[in-house]
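To start, the structure under review is shown below, and the notes come after it.
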Amino acid sequence: MSEVIGVIGAGYVGAATAAGFAHLGYSVAVVDTDAAKVDGILCGRSGLTEPGLDDLIEAAHENSTITASTSYSVLTDATIVFVCVPTPMRSDGAADLTFIDTALSGVEPYLEPDDVVVLKSTVPVGTGDAVAERLGSAGVHVVNNPEFLREGHTVEDFLAPDRVVVGGDPAAIKRVTALYRSLHSPIVEVDRASAELAKYACNSFLALKLSFVDELATLAERVGADITEVTDVMAHDDRIGSHFLSPGPGWGGSCFPKDTRALISTATSVERPMRTLAAAVDANEAQTQRIAALIADRLDEPDAAVTLLGLTFKAGTADLRESPALDIALTLSKQGVRVFAHDPTITSAESLVARMPLENPADPSQPTLPVILADPYALDVDTRVIAIVTEWNDYRSLQWSLVAARCPHAVVIDTRGIVDAALVRSAGLQLYRIGIAE
Ligand code: UGA
């Protein structure tokens, strides 16, 4: 166990990678430009709502196997450095590699011959080769090792991955795969371009599957079918599989939207357009707007209000990036609708503003943000629609009689298929479930 691990970036991926390797017994040094994240790690905390992550970081902190700094000099002794920085979407859809470039410039002075730089960030095909060329003259090796960590499950996915993918120069691959050996997960060695493309392929394929199911749900409603029964039949086919078959308000998050567009951009740039994926992205935007329209259509009075249950892009995370719930809230408020919202991770208007992924939330031209409810029962009396947009467990077992007592004329719109229809109806409320003809 002579390797010393360096990690650049302490976001979801970097923090889980650092904590995971520390848990496996390695000595880990983390660098991040955000002093709050660094201070957190130095006190044994990640600052993220990831199950199990703080336990691992705290244990590593107690064993002195993790350190962190805003200075790249903390990586001086590292022999294998994982680059875990964001690759956000540029306005033209392509991946923005500025943070990768900054990370490499930061670590370069501390790299020695035979060190390995591992690209864990999601990067377009060709990035690994370009980095290998940049660092090759210093005798530094480069390996692509894309991450497949779901937010809310990063520790679990790090410690029990479906597969570990590595691509790049063979001697360095051996050293990187050795780090993961004790996990006993399949290790897939591929060439660099394939590692890069495979990461985009996985996220894009899942997005495609979801867009298909979302459109199928709309069709099911129209022709008198039940999407849950249809997907149950599909899931029995091993070739289709049972995952990612639940329709929703559209897929979001910090990964699918940017990765699908980046793959479309790569494909277009080499004149090999991915028509299926472009259609999935279009369908996804239409799905979110369809839900906003479904809600708007049920507002029969000028004062009518809407309550959205859930604002994060999925349950189990505090992340609001590319959240369909937020898109729906903003679309409705632009139409002049009074929008209220509850989310277990958002306690106040201030905490929403602090986490809003808008350029400038204080900008008066931005649509009004939803009013945050302290609990899902604190409904405005003029609420006409209560829409479940994020599948938090809290909303599976609401006391519908309390809701009905306050807002007897409200329609419940379940975009995630999580409520017990009989309970909602027995409270006297109308129910609309996406994908199910009522
Ligand atoms: C995704 C991938 O699942 C990870 O493997 C990958 O590592 C990560 O992106 C990344 O590239 O970093 P994540 O963004 O955390 O992880 O979200 P998912 O759990 O995959 O969900 C994506 C979207 O699909 C969410 O909006 C979710 O609500 C939606 N979804 C998922 C559905 O609407 N229905 C489903 O049945 C499943």
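In the structure tokens, each chain is lettered A, B, ... as it comes, each chain's residues begin at 1, and ligands are numbered from 1 in order of appearance.
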
How close does chain A get to ligand 1? List, as CSV, each residue of chain A within 6 Å, its nearest atom pair and the distance in Å to one decimal, counting only C-alpha atoms and all ligand atoms.
```
residue,atom,partner,partner_atom_place_in_ligand_line,distance
A:Glu147,CA,ligand 1,7 (O),5.3
A:Phe148,CA,ligand 1,7 (O),3.1
A:Leu149,CA,ligand 1,7 (O),3.8
A:Arg150,CA,ligand 1,15 (O),3.5
A:Glu151,CA,ligand 1,15 (O),3.7
A:Asn203,CA,ligand 1,2 (C),5.8
A:Phe244,CA,ligand 1,36 (O),3.4
A:Leu245,CA,ligand 1,36 (O),4.5
A:Ser246,CA,ligand 1,36 (O),3.7
A:Pro247,CA,ligand 1,33 (O),5.3
A:Gly248,CA,ligand 1,33 (O),4.5
A:Gly250,CA,ligand 1,33 (O),5.9
A:Trp251,CA,ligand 1,26 (O),3.6
A:Gly252,CA,ligand 1,26 (O),3.8
A:Gly253,CA,ligand 1,14 (O),5.0
A:Ser254,CA,ligand 1,14 (O),5.8
A:Cys255,CA,ligand 1,11 (O),4.5
A:Phe256,CA,ligand 1,9 (O),5.9
A:Phe313,CA,ligand 1,26 (O),5.0
A:Lys314,CA,ligand 1,28 (O),4.3
```

Save the residues we just selected, N, CA, C and O atoms, as a tab-separated table (two decimals), in the first residue's frame?
```
chain	number	residue	atom	x	y	z
A	147	GLU	N	-16.35	8.09	-13.36
A	147	GLU	CA	-17.13	7.76	-12.16
A	147	GLU	C	-18.57	7.40	-12.55
A	147	GLU	O	-19.10	7.92	-13.52
A	148	PHE	N	-19.16	6.51	-11.76
A	148	PHE	CA	-20.57	6.14	-11.95
A	148	PHE	C	-21.30	6.26	-10.61
A	148	PHE	O	-22.00	5.36	-10.18
A	149	LEU	N	-21.08	7.40	-9.94
A	149	LEU	CA	-21.62	7.58	-8.59
A	149	LEU	C	-22.93	8.36	-8.64
A	149	LEU	O	-22.95	9.49	-9.13
A	150	ARG	N	-24.00	7.75	-8.13
A	150	ARG	CA	-25.28	8.48	-8.06
A	150	ARG	C	-25.28	9.38	-6.84
A	150	ARG	O	-24.89	8.94	-5.76
A	151	GLU	N	-25.78	10.60	-7.00
A	151	GLU	CA	-25.94	11.45	-5.82
A	151	GLU	C	-26.88	10.76	-4.85
A	151	GLU	O	-27.88	10.16	-5.26
A	203	ASN	N	-24.85	7.29	-19.13
A	203	ASN	CA	-25.83	8.31	-18.71
A	203	ASN	C	-26.84	8.59	-19.81
A	203	ASN	O	-28.04	8.76	-19.55
A	244	PHE	N	-34.97	2.31	-13.95
A	244	PHE	CA	-35.21	3.48	-14.79
A	244	PHE	C	-36.43	3.31	-15.69
A	244	PHE	O	-36.41	3.61	-16.88
A	245	LEU	N	-37.49	2.81	-15.09
A	245	LEU	CA	-38.76	2.65	-15.82
A	245	LEU	C	-39.87	3.46	-15.16
A	245	LEU	O	-41.03	3.29	-15.51
A	246	SER	N	-39.52	4.32	-14.18
A	246	SER	CA	-40.57	5.12	-13.54
A	246	SER	C	-40.68	6.48	-14.22
A	246	SER	O	-39.71	7.24	-14.25
A	247	PRO	N	-41.87	6.80	-14.76
A	247	PRO	CA	-42.01	8.13	-15.36
A	247	PRO	C	-41.96	9.20	-14.29
A	247	PRO	O	-42.12	8.91	-13.10
A	248	GLY	N	-41.69	10.42	-14.69
A	248	GLY	CA	-41.59	11.51	-13.73
A	248	GLY	C	-41.81	12.84	-14.43
A	248	GLY	O	-42.30	12.88	-15.56
A	250	GLY	N	-39.67	14.64	-15.72
A	250	GLY	CA	-38.51	14.90	-16.58
A	250	GLY	C	-37.26	14.61	-15.77
A	250	GLY	O	-37.25	14.78	-14.56
A	251	TRP	N	-36.21	14.14	-16.46
A	251	TRP	CA	-34.96	13.84	-15.75
A	251	TRP	C	-34.13	15.12	-15.62
A	251	TRP	O	-34.19	16.00	-16.47
A	252	GLY	N	-33.38	15.20	-14.52
A	252	GLY	CA	-32.58	16.41	-14.28
A	252	GLY	C	-31.29	16.07	-13.56
A	252	GLY	O	-30.74	14.99	-13.72
A	253	GLY	N	-30.82	17.04	-12.78
A	253	GLY	CA	-29.58	16.82	-12.03
A	253	GLY	C	-28.38	17.41	-12.73
A	253	GLY	O	-28.47	17.97	-13.82
A	254	SER	N	-27.24	17.26	-12.08
A	254	SER	CA	-26.03	17.89	-12.61
A	254	SER	C	-25.37	17.04	-13.68
A	254	SER	O	-24.35	17.44	-14.25
A	255	CYS	N	-25.93	15.86	-13.98
A	255	CYS	CA	-25.23	14.96	-14.91
A	255	CYS	C	-25.97	14.69	-16.22
A	255	CYS	O	-25.44	14.97	-17.30
A	256	PHE	N	-27.19	14.14	-16.15
A	256	PHE	CA	-27.87	13.75	-17.39
A	256	PHE	C	-28.02	14.91	-18.37
A	256	PHE	O	-27.69	14.77	-19.55
A	313	PHE	N	-33.91	17.63	-7.58
A	313	PHE	CA	-34.14	16.93	-8.85
A	313	PHE	C	-34.54	15.48	-8.67
A	313	PHE	O	-35.10	14.86	-9.58
A	314	LYS	N	-34.25	14.93	-7.49
A	314	LYS	CA	-34.72	13.59	-7.13
A	314	LYS	C	-34.66	13.51	-5.62
A	314	LYS	O	-34.09	14.41	-4.97
```

Counting only C-alpha atoms, which residues in stretch 76-143 of chain A sit no more than 10 Å from stretch 157-178 of chain A? For each one, give the nearest pair of atoms and the distance in Å, sorted by chain then residue number, as CSV.
```
residue,atom,partner,partner_atom,distance
A:Ile80,CA,A:Val176,CA,7.9
A:Asp114,CA,A:Ala172,CA,8.5
A:Asp115,CA,A:Ala172,CA,8.7
A:Val116,CA,A:Ala172,CA,6.6
A:Val117,CA,A:Ala172,CA,9.1
A:Val118,CA,A:Val176,CA,8.2
A:Leu119,CA,A:Val166,CA,9.7
A:Lys120,CA,A:Val166,CA,9.7
A:Gly128,CA,A:Gly168,CA,7.9
A:Asp129,CA,A:Gly168,CA,8.5
A:Ala132,CA,A:Gly168,CA,8.9
A:Val140,CA,A:Ala172,CA,9.4
A:His141,CA,A:Ala172,CA,6.2
A:Val142,CA,A:Gly168,CA,6.4
A:Val143,CA,A:Gly168,CA,4.6
```

- Message: Using only C-alpha atoms for the distances, tell me which of A:Val337, A:Ala325, A:Arg396, A:Lys209 is nearest to A:Asp297.
- Response: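 So, comparing all the options, the nearest one is A:Val337.
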
- Message: Under the rule that only C-alpha atoms are counted, which of A:Ser401, A:Thr228, A:Thr218, A:Asn144 is the nearest residue to A:Ala193?
- Response: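 That would be A:Asn144, the residue with the smallest distance to A:Ala193.
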
- Task: Give the strand (DSSP E) residues of stretch 90-199 of chain A, as assigned by DSSP on the backbone, as a ChimeraX atom specification.
- Result: /A:116-119,141-144,164-168,187-190

- Query: Could you work out how far atom CA of A:Ser121 lies from atom CA of A:Ser137, giving the answer in Å with one decimal?
  - Reply: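 Computed distance, atom CA of A:Ser137 to atom CA of A:Ser121, equals 22.8 Å.
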
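Of the residues under consideration (A:Asp259, A:Gly47, A:Pro324, A:Phe82), A:Asp259 shows the shortest atom-to-atom contact distance to A:Glu196 when counting only C-alpha atoms.
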
- Query: Given the choices A:Ile434, A:Ala94, A:Ala16, A:Ala68, which gets closest to A:Gly52 if the distance is worked out from only C-alpha atoms?
  - Reply: A:Ala16

- Query: How many Å separate atom CA of A:Ala201 from atom CA of A:Pro86?
  - Reply: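 Atom CA of A:Ala201 sits 18.1 Å away from atom CA of A:Pro86.
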
- Would you mind reading off the distance between atom CA of A:Asn63 and atom CA of A:Leu111, one decimal, in Å? 25.9 Å

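Between A:Ala195 and the candidates A:Ala103, A:Val123, A:Val131, A:Ala29, the tightest atom-to-atom separation, counting only C-alpha atoms, involves A:Val123.
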
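Nearest residue to A:Thr276 among A:Glu112, A:Gly316, A:Leu208, A:Gly224 is A:Leu208, counting only C-alpha atoms.
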
Could you build a table of the residues in stretch 301-328 of chain A lying no more than 10 Å from stretch 403-412 of chain A, giving for each the nearest pair of atoms and their separation in Å rounded to one decimal place, using only C-alpha atoms, ordered by chain and ascending residue number, as CSV?
```
residue,atom,partner,partner_atom,distance
A:Ala304,CA,A:Ala410,CA,9.8
A:Ala305,CA,A:Ala410,CA,9.6
A:Val306,CA,A:Ala410,CA,9.1
A:Thr307,CA,A:Val412,CA,9.7
```
